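Enquirer: Just so it is clear, I am handing over start35.pdb, which has PDB, C-alpha atoms.
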```pdb
ATOM      1  CA  MET D   1      78.336 -34.436 -19.787
ATOM      2  CA  ASN D   2      78.690 -31.492 -22.125
ATOM      3  CA  LYS D   3      76.620 -30.732 -25.183
ATOM      4  CA  GLN D   4      79.427 -31.446 -27.671
ATOM      5  CA  LEU D   5      80.067 -34.882 -26.169
ATOM      6  CA  LEU D   6      76.360 -35.699 -26.385
ATOM      7  CA  LYS D   7      76.368 -34.675 -30.056
ATOM      8  CA  ASP D   8      79.513 -36.671 -30.823
ATOM      9  CA  ALA D   9      78.563 -39.734 -28.794
ATOM     10  CA  LEU D  10      74.837 -40.036 -29.444
ATOM     11  CA  GLY D  11      74.416 -38.029 -32.651
ATOM     12  CA  TRP D  12      77.336 -39.417 -34.617
ATOM     13  CA  GLY D  13      76.855 -42.854 -33.078
ATOM     14  CA  PHE D  14      73.301 -42.968 -34.408
ATOM     15  CA  ILE D  15      74.178 -41.453 -37.809
ATOM     16  CA  LEU D  16      77.006 -43.936 -38.369
ATOM     17  CA  TRP D  17      74.767 -46.843 -37.376
ATOM     18  CA  LEU D  18      72.031 -45.541 -39.697
ATOM     19  CA  ILE D  19      74.454 -45.327 -42.641
ATOM     20  CA  GLY D  20      75.390 -48.989 -42.161
ATOM     21  CA  TYR D  21      71.747 -49.966 -41.742
ATOM     22  CA  ALA D  22      70.757 -48.189 -44.972
ATOM     23  CA  LEU D  23      73.693 -49.705 -46.862
ATOM     24  CA  GLY D  24      72.598 -53.141 -45.640
ATOM     25  CA  PHE D  25      69.175 -52.694 -47.209
ATOM     26  CA  LEU D  26      70.705 -51.330 -50.406
ATOM     27  CA  PHE D  27      73.177 -54.214 -50.702
ATOM     28  CA  PHE D  28      70.486 -56.776 -49.880
ATOM     29  CA  ALA D  29      68.999 -56.104 -53.331
ATOM     30  CA  PHE D  30      72.038 -57.497 -55.167
ATOM     31  CA  MET D  31      74.264 -59.331 -52.705
ATOM     32  CA  SER D  32      74.233 -62.519 -50.684
ATOM     33  CA  PRO D  33      73.171 -61.802 -47.086
ATOM     34  CA  ALA D  34      76.320 -63.565 -45.851
ATOM     35  CA  MET D  35      78.495 -61.015 -47.691
ATOM     36  CA  ILE D  36      76.650 -57.792 -46.827
ATOM     37  CA  GLY D  37      78.530 -57.121 -43.589
ATOM     38  CA  TRP D  38      81.894 -57.688 -45.256
ATOM     39  CA  ALA D  39      80.950 -55.292 -48.082
ATOM     40  CA  ILE D  40      79.748 -52.577 -45.703
ATOM     41  CA  MET D  41      82.751 -52.844 -43.380
ATOM     42  CA  PRO D  42      85.389 -50.981 -45.464
ATOM     43  CA  ILE D  43      82.895 -48.244 -46.329
ATOM     44  CA  GLY D  44      81.898 -47.915 -42.695
ATOM     45  CA  VAL D  45      85.511 -47.790 -41.510
ATOM     46  CA  ILE D  46      86.372 -45.025 -43.981
ATOM     47  CA  ILE D  47      83.301 -42.966 -43.046
ATOM     48  CA  THR D  48      83.912 -43.511 -39.325
ATOM     49  CA  ILE D  49      87.560 -42.436 -39.536
ATOM     50  CA  TRP D  50      86.529 -39.362 -41.531
ATOM     51  CA  VAL D  51      83.924 -38.452 -38.883
ATOM     52  CA  LEU D  52      86.464 -38.952 -36.100
ATOM     53  CA  LEU D  53      89.115 -36.854 -37.844
ATOM     54  CA  LYS D  54      86.894 -34.042 -39.113
ATOM     55  CA  LYS D  55      83.805 -33.860 -36.894
ATOM     56  CA  VAL D  56      84.696 -35.197 -33.439
ATOM     57  CA  ASN D  57      86.944 -32.898 -31.404
ATOM     58  CA  GLY D  58      87.524 -34.332 -27.989
ATOM     59  CA  ASP D  59      90.024 -32.774 -25.615
ATOM     60  CA  SER D  60      90.847 -35.879 -23.580
ATOM     61  CA  MET D  61      91.095 -39.622 -23.871
ATOM     62  CA  ARG D  62      88.084 -39.835 -21.534
ATOM     63  CA  TYR D  63      86.042 -38.033 -24.200
ATOM     64  CA  TYR D  64      86.962 -40.640 -26.833
ATOM     65  CA  ILE D  65      86.362 -43.526 -24.415
ATOM     66  CA  LEU D  66      82.845 -42.238 -23.689
ATOM     67  CA  ALA D  67      82.192 -41.826 -27.420
ATOM     68  CA  ALA D  68      83.477 -45.367 -28.062
ATOM     69  CA  VAL D  69      81.233 -46.838 -25.365
ATOM     70  CA  ALA D  70      78.201 -44.917 -26.631
ATOM     71  CA  TRP D  71      78.831 -45.892 -30.262
ATOM     72  CA  ALA D  72      79.225 -49.564 -29.355
ATOM     73  CA  ILE D  73      76.055 -49.555 -27.229
ATOM     74  CA  ILE D  74      74.100 -47.843 -30.015
ATOM     75  CA  ALA D  75      75.346 -50.379 -32.571
ATOM     76  CA  ILE D  76      74.569 -53.395 -30.391
ATOM     77  CA  VAL D  77      71.155 -52.260 -29.150
ATOM     78  CA  PHE D  78      69.892 -50.899 -32.484
ATOM     79  CA  ASP D  79      71.138 -53.975 -34.382
ATOM     80  CA  TYR D  80      69.336 -56.199 -31.927
ATOM     81  CA  PHE D  81      65.995 -54.410 -32.208
ATOM     82  CA  PHE D  82      66.059 -53.304 -35.860
ATOM     83  CA  LEU D  83      67.792 -56.324 -37.408
ATOM     84  CA  VAL D  84      67.626 -59.371 -35.143
ATOM     85  CA  LYS D  85      64.152 -58.831 -33.684
ATOM     86  CA  ALA D  86      62.509 -56.975 -36.577
ATOM     87  CA  LEU D  87      63.892 -58.937 -39.530
ATOM     88  CA  LYS D  88      64.631 -62.304 -37.903
ATOM     89  CA  PRO D  89      67.420 -63.337 -40.326
ATOM     90  CA  ALA D  90      66.992 -66.992 -41.301
ATOM     91  CA  ASP D  91      70.637 -67.928 -40.752
ATOM     92  CA  GLY D  92      71.066 -65.699 -37.699
ATOM     93  CA  TYR D  93      72.825 -62.373 -37.492
ATOM     94  CA  TYR D  94      75.783 -62.720 -35.153
ATOM     95  CA  LYS D  95      78.770 -63.901 -37.170
ATOM     96  CA  LEU D  96      82.425 -62.892 -37.413
ATOM     97  CA  ASP D  97      81.710 -59.764 -39.486
ATOM     98  CA  VAL D  98      79.262 -58.474 -36.861
ATOM     99  CA  TYR D  99      81.686 -59.057 -33.980
ATOM    100  CA  LEU D 100      84.444 -57.326 -35.948
ATOM    101  CA  TYR D 101      82.068 -54.424 -36.647
ATOM    102  CA  TYR D 102      81.316 -54.061 -32.920
ATOM    103  CA  ALA D 103      85.023 -54.198 -32.066
ATOM    104  CA  LEU D 104      85.872 -51.553 -34.676
ATOM    105  CA  THR D 105      82.998 -49.366 -33.508
ATOM    106  CA  PHE D 106      84.613 -49.346 -30.074
ATOM    107  CA  VAL D 107      88.303 -49.305 -31.028
ATOM    108  CA  LEU D 108      88.344 -46.716 -33.832
ATOM    109  CA  PRO D 109      87.419 -43.762 -31.575
ATOM    110  CA  LEU D 110      90.195 -44.817 -29.181
ATOM    111  CA  ILE D 111      92.822 -45.099 -31.927
ATOM    112  CA  VAL D 112      91.885 -41.856 -33.671
ATOM    113  CA  GLY D 113      91.458 -40.064 -30.342
ATOM    114  CA  ARG D 114      94.925 -41.096 -29.219
ATOM    115  CA  TYR D 115      96.355 -40.040 -32.579
ATOM    116  CA  LYS D 116      94.666 -36.621 -32.460
ATOM    117  CA  LEU D 117      95.635 -35.981 -28.839
ATOM    118  CA  SER D 118      99.269 -36.997 -29.382
ATOM    119  CA  LYS D 119      99.420 -34.786 -32.475
ATOM    120  CA  LYS D 120      98.003 -31.910 -30.421
ATOM    121  CA  MET D 121     100.648 -32.476 -27.733
ATOM    122  CA  LYS D 122     103.444 -32.475 -30.348
ATOM    123  CA  ASN D 123     102.201 -29.164 -31.691
ATOM    124  CA  LEU D 124     102.340 -27.669 -28.179
ATOM    125  CA  ASN D 125     106.023 -28.608 -27.779
TER     126      ASN D 125
END
```
How would this structure read if it were set down as structure tokens?
Expert:
Amino acid sequence: MNKQLLKDALGWGFILWLIGYALGFLFFAFMSPAMIGWAIMPIGVIITIWVLLKKVNGDSMRYYILAAVAWAIIAIVFDYFFLVKALKPADGYYKLDVYLYYALTFVLPLIVGRYKLSKKMKNLN
């Protein structure tokens, strides 16, 4: 595994998770806990797509698959320890917004990676 992939997979995976985590605490001050995930989601999607387009530069679909797997694992494991175990939400944590968040965390790198790689191939022709 090369250094750039480690940075993109682990570094950006952690930073993106941390942004969502911090937004959750910020929104908790003025929003119903049931709505926090839905409020964070569009912000997180925009930031994630920006990171994928501007900061992540994979040269193969394998690269984006590995990033997607790493990002999803980071999101799931860190949520479990830093939200579920640490905060013990009264009404639970795992609801539709969380499952959608995990799915997007995995799928967005694949979609943007395919887009970037196909665009690169078009430019070669």
Enquirer: Neighbourhood query: residues within 9 Å of (79.6, -37.6, -22.0), file coordinates, counting only C-alpha atoms; return as number ranges by chain.
Expert: D: 1-6, 8-9, 62-63, 66-67, 70
Enquirer: So that I have them on file, write out the residues from the current selection with C-alpha atoms, as a short mmCIF file (atom, residue, chain, number, x, y, z; two decimals), in the frame of the given file.
Expert:
```cif
data_model
loop_
_atom_site.label_atom_id
_atom_site.label_comp_id
_atom_site.auth_asym_id
_atom_site.auth_seq_id
_atom_site.Cartn_x
_atom_site.Cartn_y
_atom_site.Cartn_z
CA MET D 1 78.34 -34.44 -19.79
CA ASN D 2 78.69 -31.49 -22.12
CA LYS D 3 76.62 -30.73 -25.18
CA GLN D 4 79.43 -31.45 -27.67
CA LEU D 5 80.07 -34.88 -26.17
CA LEU D 6 76.36 -35.70 -26.38
CA ASP D 8 79.51 -36.67 -30.82
CA ALA D 9 78.56 -39.73 -28.79
CA ARG D 62 88.08 -39.84 -21.53
CA TYR D 63 86.04 -38.03 -24.20
CA LEU D 66 82.84 -42.24 -23.69
CA ALA D 67 82.19 -41.83 -27.42
CA ALA D 70 78.20 -44.92 -26.63
#
```
Enquirer: So which residues get picked by the PyMOL selection byres ((chain D and resi 71-84) around 8) here, written as a list in words?
Expert: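 Listing what the PyMOL selection byres ((chain D and resi 71-84) around 8) selects in the shown file: Ala9, Leu10, Trp12, Gly13, Phe14, Trp17, Ala67, Ala68, Val69, Ala70, Lys85, Ala86, Leu87, Lys88, Pro89, Gly92, Tyr93, Tyr102, Ala103, Thr105 and Phe106 of chain D.
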Enquirer: Extract, using all atoms listed in the file, all DNA, RNA and protein residues at most 12 Å from D:Val51, discarding same-chain residues fewer than 6 positions from it, and format them as a list in words.
Expert: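 These residues fall inside the cut-off: Asp8, Ala9, Gly11, Trp12, Gly13, Ile15, Leu16, Gly44, Val45, Asn57, Leu108, Pro109, Val112 and Gly113 of chain D.
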Enquirer: Have a look at atom CA of D:Trp38 and atom CA of D:Asp91 and let me know their distance in Å, one decimal.
Expert: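 Computing the Euclidean distance for atom CA of D:Trp38 and atom CA of D:Asp91 yields 15.9 Å.
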Enquirer: Return as a list in words the set of residues that the PyMOL selection byres ((chain D and resi 20) around 9) yields on the displayed structure.
Expert: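 Evaluating the PyMOL selection byres ((chain D and resi 20) around 9) on these coordinates yields Ile15, Leu16, Trp17, Leu18, Ile19, Tyr21, Ala22, Leu23, Gly24, Phe25, Gly37, Ile40, Met41, Ile43 and Gly44 of chain D.
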Enquirer: Could you add N, CA, C and O atoms to stretch 45-63 of chain D and give me the result as a CSV table (one decimal), in the frame of the given file?
Expert:
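Below is the file result_30.csv, written as the result:
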```csv
chain,number,residue,atom,x,y,z
D,45,VAL,N,84.2,-48.2,-42.2
D,45,VAL,CA,85.5,-47.8,-41.5
D,45,VAL,C,86.0,-46.4,-42.1
D,45,VAL,O,86.4,-45.6,-41.3
D,46,ILE,N,85.9,-46.3,-43.4
D,46,ILE,CA,86.4,-45.0,-44.0
D,46,ILE,C,85.5,-43.9,-43.5
D,46,ILE,O,86.0,-42.8,-43.1
D,47,ILE,N,84.2,-44.0,-43.5
D,47,ILE,CA,83.3,-43.0,-43.0
D,47,ILE,C,83.5,-42.7,-41.6
D,47,ILE,O,83.6,-41.5,-41.2
D,48,THR,N,83.7,-43.7,-40.8
D,48,THR,CA,83.9,-43.5,-39.3
D,48,THR,C,85.2,-42.8,-39.1
D,48,THR,O,85.2,-41.8,-38.2
D,49,ILE,N,86.3,-43.1,-39.7
D,49,ILE,CA,87.6,-42.4,-39.5
D,49,ILE,C,87.4,-41.0,-40.0
D,49,ILE,O,87.9,-40.1,-39.3
D,50,TRP,N,86.7,-40.7,-41.1
D,50,TRP,CA,86.5,-39.4,-41.5
D,50,TRP,C,85.8,-38.6,-40.5
D,50,TRP,O,86.2,-37.4,-40.1
D,51,VAL,N,84.7,-39.1,-39.9
D,51,VAL,CA,83.9,-38.5,-38.9
D,51,VAL,C,84.8,-38.2,-37.7
D,51,VAL,O,84.8,-37.1,-37.1
D,52,LEU,N,85.6,-39.1,-37.3
D,52,LEU,CA,86.5,-39.0,-36.1
D,52,LEU,C,87.5,-37.9,-36.3
D,52,LEU,O,87.8,-37.1,-35.4
D,53,LEU,N,88.1,-37.8,-37.5
D,53,LEU,CA,89.1,-36.9,-37.8
D,53,LEU,C,88.6,-35.5,-38.1
D,53,LEU,O,89.2,-34.5,-37.7
D,54,LYS,N,87.4,-35.4,-38.7
D,54,LYS,CA,86.9,-34.0,-39.1
D,54,LYS,C,85.8,-33.5,-38.2
D,54,LYS,O,85.6,-32.3,-38.2
D,55,LYS,N,85.0,-34.3,-37.6
D,55,LYS,CA,83.8,-33.9,-36.9
D,55,LYS,C,83.9,-34.0,-35.4
D,55,LYS,O,83.2,-33.3,-34.7
D,56,VAL,N,84.6,-35.0,-34.9
D,56,VAL,CA,84.7,-35.2,-33.4
D,56,VAL,C,86.0,-34.5,-32.9
D,56,VAL,O,87.0,-34.8,-33.4
D,57,ASN,N,85.8,-33.7,-31.9
D,57,ASN,CA,86.9,-32.9,-31.4
D,57,ASN,C,87.0,-33.0,-29.9
D,57,ASN,O,86.8,-32.0,-29.2
D,58,GLY,N,87.4,-34.1,-29.4
D,58,GLY,CA,87.5,-34.3,-28.0
D,58,GLY,C,88.8,-33.7,-27.5
D,58,GLY,O,89.8,-33.6,-28.2
D,59,ASP,N,88.8,-33.4,-26.2
D,59,ASP,CA,90.0,-32.8,-25.6
D,59,ASP,C,90.7,-33.7,-24.6
D,59,ASP,O,91.7,-33.3,-24.0
D,60,SER,N,90.2,-34.9,-24.5
D,60,SER,CA,90.8,-35.9,-23.6
D,60,SER,C,90.5,-37.3,-24.1
D,60,SER,O,89.6,-37.5,-24.8
D,61,MET,N,91.3,-38.2,-23.5
D,61,MET,CA,91.1,-39.6,-23.9
D,61,MET,C,89.8,-40.1,-23.3
D,61,MET,O,89.1,-40.9,-23.9
D,62,ARG,N,89.4,-39.5,-22.1
D,62,ARG,CA,88.1,-39.8,-21.5
D,62,ARG,C,86.9,-39.5,-22.5
D,62,ARG,O,86.0,-40.3,-22.6
D,63,TYR,N,87.0,-38.4,-23.2
D,63,TYR,CA,86.0,-38.0,-24.2
D,63,TYR,C,85.9,-39.1,-25.3
D,63,TYR,O,84.8,-39.5,-25.6
```
